[in-house]
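Q: My structure is in protein_22.txt, and what it holds is compact mmCIF, C-alpha atoms:
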# COMPACT_ATOMS: atom_id res chain seq x y z
CA MET A 1 26.00 0.90 2.41
CA LYS A 2 26.44 3.12 -0.64
CA THR A 3 25.95 6.86 -1.06
CA ILE A 4 23.75 7.81 -4.01
CA LYS A 5 25.53 9.70 -6.76
CA GLY A 6 24.26 13.09 -7.80
CA PRO A 7 22.80 15.47 -8.47
CA GLY A 8 22.27 14.58 -12.12
CA ILE A 9 19.94 16.09 -14.71
CA PHE A 10 18.07 14.54 -17.66
CA LEU A 11 18.57 16.81 -20.66
CA ALA A 12 15.51 15.85 -22.74
CA GLN A 13 13.40 18.75 -21.47
CA PHE A 14 16.17 21.32 -21.93
CA VAL A 15 17.94 20.66 -25.24
CA GLY A 16 16.94 23.11 -27.97
CA ASP A 17 18.12 25.26 -30.85
CA ASP A 18 19.21 28.23 -28.75
CA ALA A 19 22.45 28.52 -26.78
CA PRO A 20 23.43 27.19 -24.30
CA PHE A 21 21.07 24.27 -24.98
CA ASN A 22 22.13 23.44 -28.54
CA SER A 23 25.40 21.55 -28.02
CA LEU A 24 26.83 19.10 -25.54
CA ASP A 25 29.68 21.40 -24.55
CA SER A 26 27.52 24.45 -23.87
CA ILE A 27 24.71 22.58 -22.09
CA ALA A 28 27.33 20.81 -19.97
CA GLU A 29 28.78 24.16 -18.94
CA TRP A 30 25.28 25.39 -18.07
CA ALA A 31 24.45 22.29 -16.00
CA ALA A 32 27.78 22.35 -14.15
CA GLY A 33 27.22 26.00 -13.31
CA LEU A 34 23.98 25.04 -11.58
CA GLY A 35 25.74 22.44 -9.44
CA TYR A 36 24.97 19.24 -11.33
CA LYS A 37 27.56 16.48 -11.36
CA GLY A 38 26.07 14.16 -13.98
CA LEU A 39 24.12 14.31 -17.24
CA GLN A 40 21.58 11.79 -18.53
CA ILE A 41 21.63 12.20 -22.31
CA PRO A 42 18.72 11.41 -24.67
CA SER A 43 20.33 9.43 -27.47
CA ASN A 44 17.80 10.50 -30.11
CA ASP A 45 19.12 14.08 -30.26
CA SER A 46 22.20 14.50 -32.45
CA ARG A 47 22.90 17.91 -30.95
CA LEU A 48 24.06 16.04 -27.86
CA ILE A 49 25.35 12.70 -29.15
CA ASP A 50 25.64 10.75 -32.40
CA LEU A 51 24.36 7.35 -31.33
CA GLU A 52 25.59 5.47 -34.38
CA LYS A 53 29.08 6.91 -34.04
CA ALA A 54 29.10 6.19 -30.30
CA ALA A 55 28.21 2.56 -31.00
CA GLU A 56 31.14 2.12 -33.38
CA SER A 57 33.92 4.48 -32.25
CA GLN A 58 35.75 4.35 -28.95
CA ASP A 59 37.58 7.54 -29.86
CA TYR A 60 34.27 9.35 -30.28
CA CYS A 61 33.02 8.03 -26.93
CA ASP A 62 36.22 9.21 -25.29
CA GLU A 63 35.59 12.66 -26.79
CA VAL A 64 32.07 12.73 -25.33
CA LEU A 65 33.35 11.77 -21.90
CA GLY A 66 36.16 14.30 -22.23
CA THR A 67 33.70 17.08 -23.02
CA LEU A 68 31.81 16.30 -19.82
CA ALA A 69 34.96 15.87 -17.75
CA ALA A 70 36.16 19.31 -18.83
CA HIS A 71 33.18 20.69 -16.89
CA GLY A 72 33.57 18.32 -13.94
CA LEU A 73 30.67 16.15 -15.08
CA GLU A 74 30.03 12.43 -15.57
CA LEU A 75 27.62 10.61 -17.86
CA THR A 76 24.90 8.96 -15.76
CA GLU A 77 23.04 7.03 -18.49
CA LEU A 78 22.01 7.22 -22.10
CA SER A 79 18.27 7.32 -22.68
CA THR A 80 16.22 5.70 -25.45
CA HIS A 81 12.76 6.71 -24.24
CA ILE A 82 11.68 7.72 -27.75
CA GLN A 83 13.15 4.67 -29.49
CA GLY A 84 11.93 2.29 -26.79
CA GLN A 85 8.41 3.62 -27.26
CA LEU A 86 8.61 2.67 -30.94
CA VAL A 87 9.61 -0.93 -30.27
CA ALA A 88 5.92 -1.64 -29.59
CA VAL A 89 3.14 0.63 -30.88
CA HIS A 90 -0.54 -0.26 -31.00
CA PRO A 91 -2.05 0.75 -34.38
CA ALA A 92 -4.35 3.21 -32.59
CA TYR A 93 -1.26 5.33 -31.91
CA ASP A 94 0.52 4.95 -35.26
CA ALA A 95 -0.13 8.49 -36.42
CA ALA A 96 0.89 10.08 -33.10
CA PHE A 97 4.10 8.10 -32.70
CA ASP A 98 5.15 8.41 -36.34
CA ALA A 99 6.26 11.93 -35.38
CA PHE A 100 8.92 10.35 -33.14
CA ALA A 101 10.45 8.41 -36.03
CA PRO A 102 12.71 9.57 -38.88
CA GLU A 103 10.87 10.46 -42.06
CA HIS A 104 12.05 7.46 -44.06
CA VAL A 105 10.13 4.99 -41.83
CA ARG A 106 6.96 7.01 -41.22
CA GLY A 107 3.81 5.36 -42.47
CA ASN A 108 5.52 1.96 -42.30
CA PRO A 109 5.05 0.41 -38.83
CA GLY A 110 7.28 -2.57 -39.61
CA ALA A 111 10.19 -0.41 -40.78
CA ARG A 112 9.67 1.93 -37.83
CA GLN A 113 9.86 -0.96 -35.39
CA GLN A 114 13.03 -2.34 -37.01
CA TRP A 115 14.60 1.12 -36.83
CA ALA A 116 13.76 1.34 -33.13
CA VAL A 117 15.30 -2.07 -32.43
CA SER A 118 18.49 -1.10 -34.25
CA GLN A 119 18.63 2.08 -32.16
CA LEU A 120 18.41 0.06 -28.94
CA GLU A 121 21.12 -2.30 -30.12
CA MET A 122 23.37 0.66 -30.89
CA ALA A 123 22.58 2.11 -27.47
CA ALA A 124 23.79 -1.12 -25.85
CA ARG A 125 27.13 -0.95 -27.66
CA ALA A 126 27.47 2.79 -27.05
CA SER A 127 26.76 2.36 -23.35
CA GLN A 128 29.45 -0.28 -23.12
CA ARG A 129 32.00 1.96 -24.87
CA LEU A 130 31.07 4.82 -22.55
CA GLY A 131 31.68 2.68 -19.47
CA LEU A 132 28.03 2.71 -18.39
CA THR A 133 26.23 -0.09 -16.55
CA THR A 134 22.66 1.28 -16.69
CA HIS A 135 20.36 2.60 -19.41
CA ALA A 136 17.00 4.41 -19.34
CA SER A 137 14.12 3.57 -21.66
CA PHE A 138 10.40 3.03 -22.25
CA SER A 139 8.83 -0.34 -23.03
CA GLY A 140 6.32 0.74 -25.63
CA ALA A 141 2.73 -0.47 -25.51
CA LEU A 142 0.55 -3.01 -27.27
CA ALA A 143 -2.08 -3.43 -24.53
CA TRP A 144 -2.52 0.16 -23.35
CA PRO A 145 -5.80 0.80 -25.24
CA TYR A 146 -7.26 -2.01 -23.12
CA PHE A 147 -6.07 -0.77 -19.71
CA TYR A 148 -9.63 -0.42 -18.43
CA ALA A 149 -11.83 -3.51 -18.27
CA TRP A 150 -14.61 -2.12 -20.46
CA PRO A 151 -15.43 -3.11 -23.09
CA GLN A 152 -14.77 -6.57 -21.76
CA ARG A 153 -11.49 -7.88 -23.10
CA PRO A 154 -11.33 -11.15 -25.02
CA ALA A 155 -9.80 -13.97 -23.02
CA GLN A 156 -6.00 -14.04 -23.17
CA LEU A 157 -5.72 -10.67 -24.96
CA VAL A 158 -3.42 -9.16 -22.32
CA ASP A 159 -1.40 -12.36 -21.99
CA GLU A 160 -0.75 -12.40 -25.72
CA ALA A 161 0.11 -8.68 -25.76
CA PHE A 162 2.74 -9.17 -23.07
CA ALA A 163 4.03 -12.32 -24.77
CA GLU A 164 4.55 -10.30 -27.95
CA LEU A 165 6.13 -7.43 -26.01
CA ALA A 166 8.58 -9.91 -24.50
CA ARG A 167 9.32 -11.46 -27.90
CA ARG A 168 10.27 -8.01 -29.20
CA TRP A 169 12.36 -7.07 -26.19
CA ARG A 170 14.14 -10.32 -25.38
CA PRO A 171 16.71 -10.03 -28.22
CA ILE A 172 17.34 -6.41 -27.19
CA LEU A 173 17.79 -7.43 -23.57
CA ASP A 174 20.26 -10.08 -24.74
CA ARG A 175 22.31 -7.38 -26.53
CA PHE A 176 22.37 -5.34 -23.33
CA ASP A 177 23.39 -8.44 -21.40
CA GLU A 178 26.32 -8.95 -23.77
CA ALA A 179 27.28 -5.30 -23.13
CA GLY A 180 26.97 -5.68 -19.34
CA VAL A 181 24.27 -3.00 -19.12
CA ASP A 182 20.92 -3.02 -17.29
CA ILE A 183 17.84 -1.43 -18.86
CA GLY A 184 15.77 0.59 -16.42
CA PHE A 185 12.26 0.76 -17.84
CA GLU A 186 10.48 3.92 -16.69
CA LEU A 187 7.12 2.72 -15.40
CA HIS A 188 4.82 5.28 -16.98
CA PRO A 189 1.14 5.55 -17.97
CA GLY A 190 0.89 4.99 -21.71
CA GLU A 191 3.46 2.18 -21.51
CA ASP A 192 2.52 -1.45 -21.01
CA LEU A 193 4.97 -1.34 -18.09
CA HIS A 194 3.35 1.27 -15.85
CA ASP A 195 3.20 -0.27 -12.36
CA GLY A 196 4.51 -3.20 -10.32
CA VAL A 197 1.96 -5.71 -11.60
CA THR A 198 2.69 -4.99 -15.26
CA PHE A 199 6.43 -5.03 -14.65
CA GLU A 200 6.10 -8.47 -13.02
CA ARG A 201 4.02 -9.71 -15.96
CA PHE A 202 6.70 -8.55 -18.39
CA LEU A 203 9.50 -9.97 -16.27
CA GLU A 204 7.83 -13.37 -16.23
CA ALA A 205 7.26 -13.23 -19.99
CA THR A 206 10.99 -12.57 -20.55
CA GLY A 207 11.99 -15.51 -18.35
CA ASN A 208 13.04 -13.14 -15.52
CA HIS A 209 15.67 -11.61 -17.76
CA PRO A 210 18.46 -10.18 -15.56
CA ARG A 211 18.70 -7.00 -17.64
CA ALA A 212 14.99 -6.13 -17.40
CA ASN A 213 14.90 -3.62 -14.58
CA ILE A 214 13.21 -0.42 -13.38
CA LEU A 215 13.71 3.31 -13.67
CA TYR A 216 12.02 4.53 -10.49
CA ASP A 217 10.07 7.79 -10.86
CA PRO A 218 7.65 8.48 -7.98
CA SER A 219 5.75 11.19 -9.87
CA HIS A 220 4.04 8.63 -12.10
CA PHE A 221 2.96 6.67 -9.05
CA VAL A 222 1.44 9.75 -7.40
CA LEU A 223 -0.66 10.30 -10.52
CA GLN A 224 -1.78 6.65 -10.38
CA GLN A 225 -2.36 6.83 -6.60
CA LEU A 226 0.15 4.02 -5.98
CA ASP A 227 2.22 3.56 -2.80
CA TYR A 228 5.57 4.81 -4.10
CA LEU A 229 7.41 4.12 -0.82
CA GLY A 230 6.16 0.56 -0.45
CA PHE A 231 7.12 0.03 -4.09
CA ILE A 232 10.79 0.51 -3.16
CA ASP A 233 10.48 -2.11 -0.41
CA ILE A 234 9.19 -4.65 -2.93
CA TYR A 235 11.25 -3.89 -6.04
CA HIS A 236 14.50 -2.37 -4.76
CA GLU A 237 16.59 -5.18 -6.21
CA ARG A 238 15.34 -4.27 -9.70
CA ILE A 239 15.58 -0.47 -9.37
CA LYS A 240 18.63 0.57 -11.39
CA CYS A 241 17.82 4.19 -12.37
CA PHE A 242 16.14 7.02 -10.44
CA HIS A 243 14.33 10.09 -11.78
CA VAL A 244 13.81 12.69 -9.08
CA LYS A 245 10.52 14.26 -10.18
CA ASP A 246 7.74 15.78 -8.09
CA ALA A 247 3.98 15.62 -8.58
CA GLU A 248 0.72 16.30 -6.81
CA PHE A 249 -2.77 14.85 -6.84
CA ARG A 250 -5.53 17.26 -5.79
CA MET A 251 -8.83 15.51 -5.10
CA SER A 252 -11.60 16.88 -7.30
CA PRO A 253 -15.37 16.33 -7.41
CA LYS A 254 -15.23 16.60 -11.21
CA SER A 255 -12.20 14.59 -12.36
CA GLY A 256 -9.96 11.78 -11.16
CA VAL A 257 -6.81 9.92 -12.17
CA TYR A 258 -7.82 9.91 -15.86
CA GLY A 259 -7.80 13.71 -15.99
CA GLY A 260 -10.95 14.34 -18.02
CA TYR A 261 -8.91 15.08 -21.19
CA GLN A 262 -7.85 18.36 -19.58
CA GLY A 263 -4.55 20.16 -20.01
CA TRP A 264 -1.87 19.68 -17.38
CA VAL A 265 -2.69 22.83 -15.40
CA ASP A 266 -6.27 21.70 -14.78
CA ARG A 267 -5.79 17.99 -14.16
CA PRO A 268 -6.15 16.71 -10.57
CA GLY A 269 -2.80 14.97 -11.01
CA ARG A 270 0.01 17.10 -12.40
CA PHE A 271 3.80 17.21 -12.39
CA ARG A 272 5.55 19.89 -10.35
CA SER A 273 9.06 21.20 -9.84
CA LEU A 274 11.01 19.68 -6.97
CA GLY A 275 9.64 20.73 -3.60
CA ASP A 276 6.38 22.10 -5.02
CA GLY A 277 4.51 18.80 -5.07
CA GLN A 278 3.54 16.06 -2.63
CA VAL A 279 6.32 13.48 -3.03
CA ASP A 280 8.09 12.62 0.24
CA PHE A 281 11.67 12.68 -1.02
CA THR A 282 13.13 12.47 2.50
CA GLN A 283 11.68 8.99 2.85
CA ILE A 284 12.55 8.02 -0.72
CA PHE A 285 16.22 8.90 -0.30
CA SER A 286 16.24 7.13 3.07
CA LYS A 287 14.93 3.94 1.48
CA MET A 288 17.38 4.23 -1.39
CA ALA A 289 20.23 4.45 1.12
CA GLN A 290 18.78 1.61 3.17
CA TYR A 291 18.69 -0.68 0.14
CA ASP A 292 22.13 0.30 -1.20
CA PHE A 293 20.99 1.97 -4.42
CA ALA A 294 24.30 2.60 -6.16
CA GLY A 295 23.10 4.73 -9.06
CA TRP A 296 22.42 8.38 -9.78
CA ALA A 297 19.69 10.69 -8.50
CA VAL A 298 18.70 12.46 -11.74
CA LEU A 299 16.35 15.40 -12.01
CA GLU A 300 13.66 14.98 -14.64
CA TRP A 301 12.03 18.38 -14.79
CA GLU A 302 8.39 18.62 -15.78
CA CYS A 303 6.06 21.19 -14.25
CA ALA A 304 2.71 22.59 -15.34
CA LEU A 305 3.49 26.00 -13.85
CA LYS A 306 7.17 26.84 -13.33
CA HIS A 307 9.71 27.89 -15.95
CA PRO A 308 12.14 25.06 -16.77
CA GLU A 309 15.29 27.06 -16.11
CA VAL A 310 14.01 27.99 -12.65
CA GLY A 311 13.19 24.34 -12.00
CA ALA A 312 16.67 23.31 -13.12
CA ALA A 313 18.33 25.91 -10.90
CA GLU A 314 16.32 24.76 -7.88
CA GLY A 315 16.78 21.07 -8.65
CA ALA A 316 20.50 20.63 -8.01
CA PRO A 317 20.53 21.99 -4.42
CA PHE A 318 17.27 20.15 -3.68
CA ILE A 319 18.75 16.80 -4.68
CA ASP A 320 22.04 17.56 -2.97
CA ARG A 321 20.23 18.27 0.33
CA HIS A 322 18.41 14.94 0.13
CA ILE A 323 21.36 12.69 -0.72
CA ILE A 324 22.35 10.81 2.43
CA ARG A 325 26.05 10.32 2.99
CA VAL A 326 25.79 6.86 4.49
CA THR A 327 27.50 5.94 7.73
CA GLU A 328 30.57 3.72 7.76
CA HIS A 329 29.78 2.17 11.14
CA ALA A 330 26.81 1.66 13.44
CA PHE A 331 25.97 4.59 15.70
CA ASP A 332 26.27 2.38 18.80
CA ASP A 333 29.68 0.89 18.01
CA PHE A 334 31.16 2.74 20.96
CA VAL A 335 29.38 0.39 23.34
CA SER A 336 30.08 -2.81 21.41
CA GLY A 337 31.64 -5.60 23.40
CA ASN A 338 33.79 -8.59 22.55
CA ASP A 339 33.44 -12.33 22.63
CA ASP A 340 34.77 -12.50 26.21
CA MET A 341 31.61 -10.73 27.38
CA ILE A 342 29.27 -13.47 26.07
CA PRO A 343 27.92 -15.40 29.07
CA ASP A 344 27.52 -19.16 29.19
CA PHE A 345 23.74 -19.35 28.94
CA SER A 346 23.79 -23.14 29.41
CA ARG A 347 24.81 -22.68 33.06
CA MET A 348 22.33 -19.96 33.92
CA GLY A 349 19.87 -20.89 36.66
CA LEU A 350 21.94 -23.92 37.71
CA ALA A 351 23.36 -24.34 41.25
Represent the structure from my file as structure tokens, please.
A:
Amino acid sequence: MKTIKGPGIFLAQFVGDDAPFNSLDSIAEWAAGLGYKGLQIPSNDSRLIDLEKAAESQDYCDEVLGTLAAHGLELTELSTHIQGQLVAVHPAYDAAFDAFAPEHVRGNPGARQQWAVSQLEMAARASQRLGLTTHASFSGALAWPYFYAWPQRPAQLVDEAFAELARRWRPILDRFDEAGVDIGFELHPGEDLHDGVTFERFLEATGNHPRANILYDPSHFVLQQLDYLGFIDIYHERIKCFHVKDAEFRMSPKSGVYGGYQGWVDRPGRFRSLGDGQVDFTQIFSKMAQYDFAGWAVLEWECALKHPEVGAAEGAPFIDRHIIRVTEHAFDDFVSGNDDMIPDFSRMGLA
């Protein structure tokens, strides 16, 4: 069995214009001081990494790794959540998601999609140069406006949406295959890949592509009221990345899983800092150890109430307490016998 690596921290919710969050060196020093051992870096933020340079220059990648190593840190994964989202955007969301794209492709969905694909391809090469074997991303969404069955969907609409999603992603997955890197898609409401059924549909549409895998985040399953422990039993072979994020769902007589268009504080389902929600992390880490998850346990902090720096400070010791150092031998080895003790069952009961 393997011991999970960690604690790690995803930097997307912390990077900013003020020190120590405005450069890789200073944010690495901050994270290391809190007890983190790994950083998951969003590749869309040039304050942390220049993705194009990382894709082309081994010297630059060595500098990035050296910056982290100087603080006793490792790189867990690169993330392309923003770029992955833009690989597939339904026109209903064009205006909202244009804000995620550089100015020169805004208002041009085709150019925006090509830019996103090129970003993913660079992320594959950069990951390879950085010595990574896993990558975190979103799938994007073409079918999400139709997630509820009213108005009645035209026949084959969802099938065609997933076929198109696969057509867009298959060449990207091939580039990651060439780089020897798995993509862990974060299963997330708003993405076409948001639960086990939709992941299976996508996997089938890509011909069971070996690089199409899962970033496991139980918080999104709590908000969907999905069995997040049973999910690990079913999909553990495809789980390649792990976001440690808490959430809670408080039953309400006025609102349910859709949230009633309310802000995060008032929704029945809301994200919380580690230990403040309902996720059973003891069982999650036990199952991860049971199934030999070899990756990183990475804090993704999102909370409707607590300050992010408090959540970050609490996150490292929380994850560290839950990581199971796996045993090297069975607990009952001291009573194990040898082959000489095996009786001849064929002679039992005979005179």
Q: With only C-alpha atoms as the counted atoms, please give the residues lying no more than 6 Å from range 13-30 of chain A, apart from itself and same-chain residues fewer than 2 positions off, as an mmCIF file with C-alpha atoms, keeping the file's coordinate frame.
A:
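Saved file selection_31.cif follows:
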data_model
loop_
_atom_site.group_PDB
_atom_site.id
_atom_site.type_symbol
_atom_site.label_atom_id
_atom_site.label_comp_id
_atom_site.auth_asym_id
_atom_site.auth_seq_id
_atom_site.Cartn_x
_atom_site.Cartn_y
_atom_site.Cartn_z
ATOM 1 C CA LEU A 11 18.570 16.810 -20.660
ATOM 2 C CA ALA A 32 27.780 22.350 -14.150
ATOM 3 C CA GLY A 33 27.220 26.000 -13.310
ATOM 4 C CA ARG A 47 22.900 17.910 -30.950
ATOM 5 C CA LEU A 48 24.060 16.040 -27.860
ATOM 6 C CA HIS A 71 33.180 20.690 -16.890
#
Q: Would you mind telling me which residue in A:Cys241, A:Leu305, A:Cys61, A:Val298 lies nearest to Phe271 in chain A when using only C-alpha atoms?
A: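 Of all the options, A:Leu305 lies closest to Phe271 in chain A.
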Q: For Met288 in chain A, which of A:Asp94, A:Asp227, A:Arg325, A:Arg270 is the closest residue, counting all atoms listed in the file?
A: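 With all atoms listed in the file as the atom set, the closest residue is A:Arg325.
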Q: In terms of the shortest atom-to-atom distance over only C-alpha atoms, which of A:Glu77, A:Glu314, A:Asp98, A:Glu237 is closest to Ser43 in chain A?
A: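 Ranking A:Glu77, A:Glu314, A:Asp98, A:Glu237 by distance to Ser43 in chain A, first place goes to A:Glu77.
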Q: Leaving out Tyr146 in chain A and any residue of its chain fewer than 4 positions from it, which residues lie within 12 Å of it when counting all atoms listed in the file, given as a ChimeraX atom specification?
A: /A:90,92,141-142,150-154,157-159,161,190-192
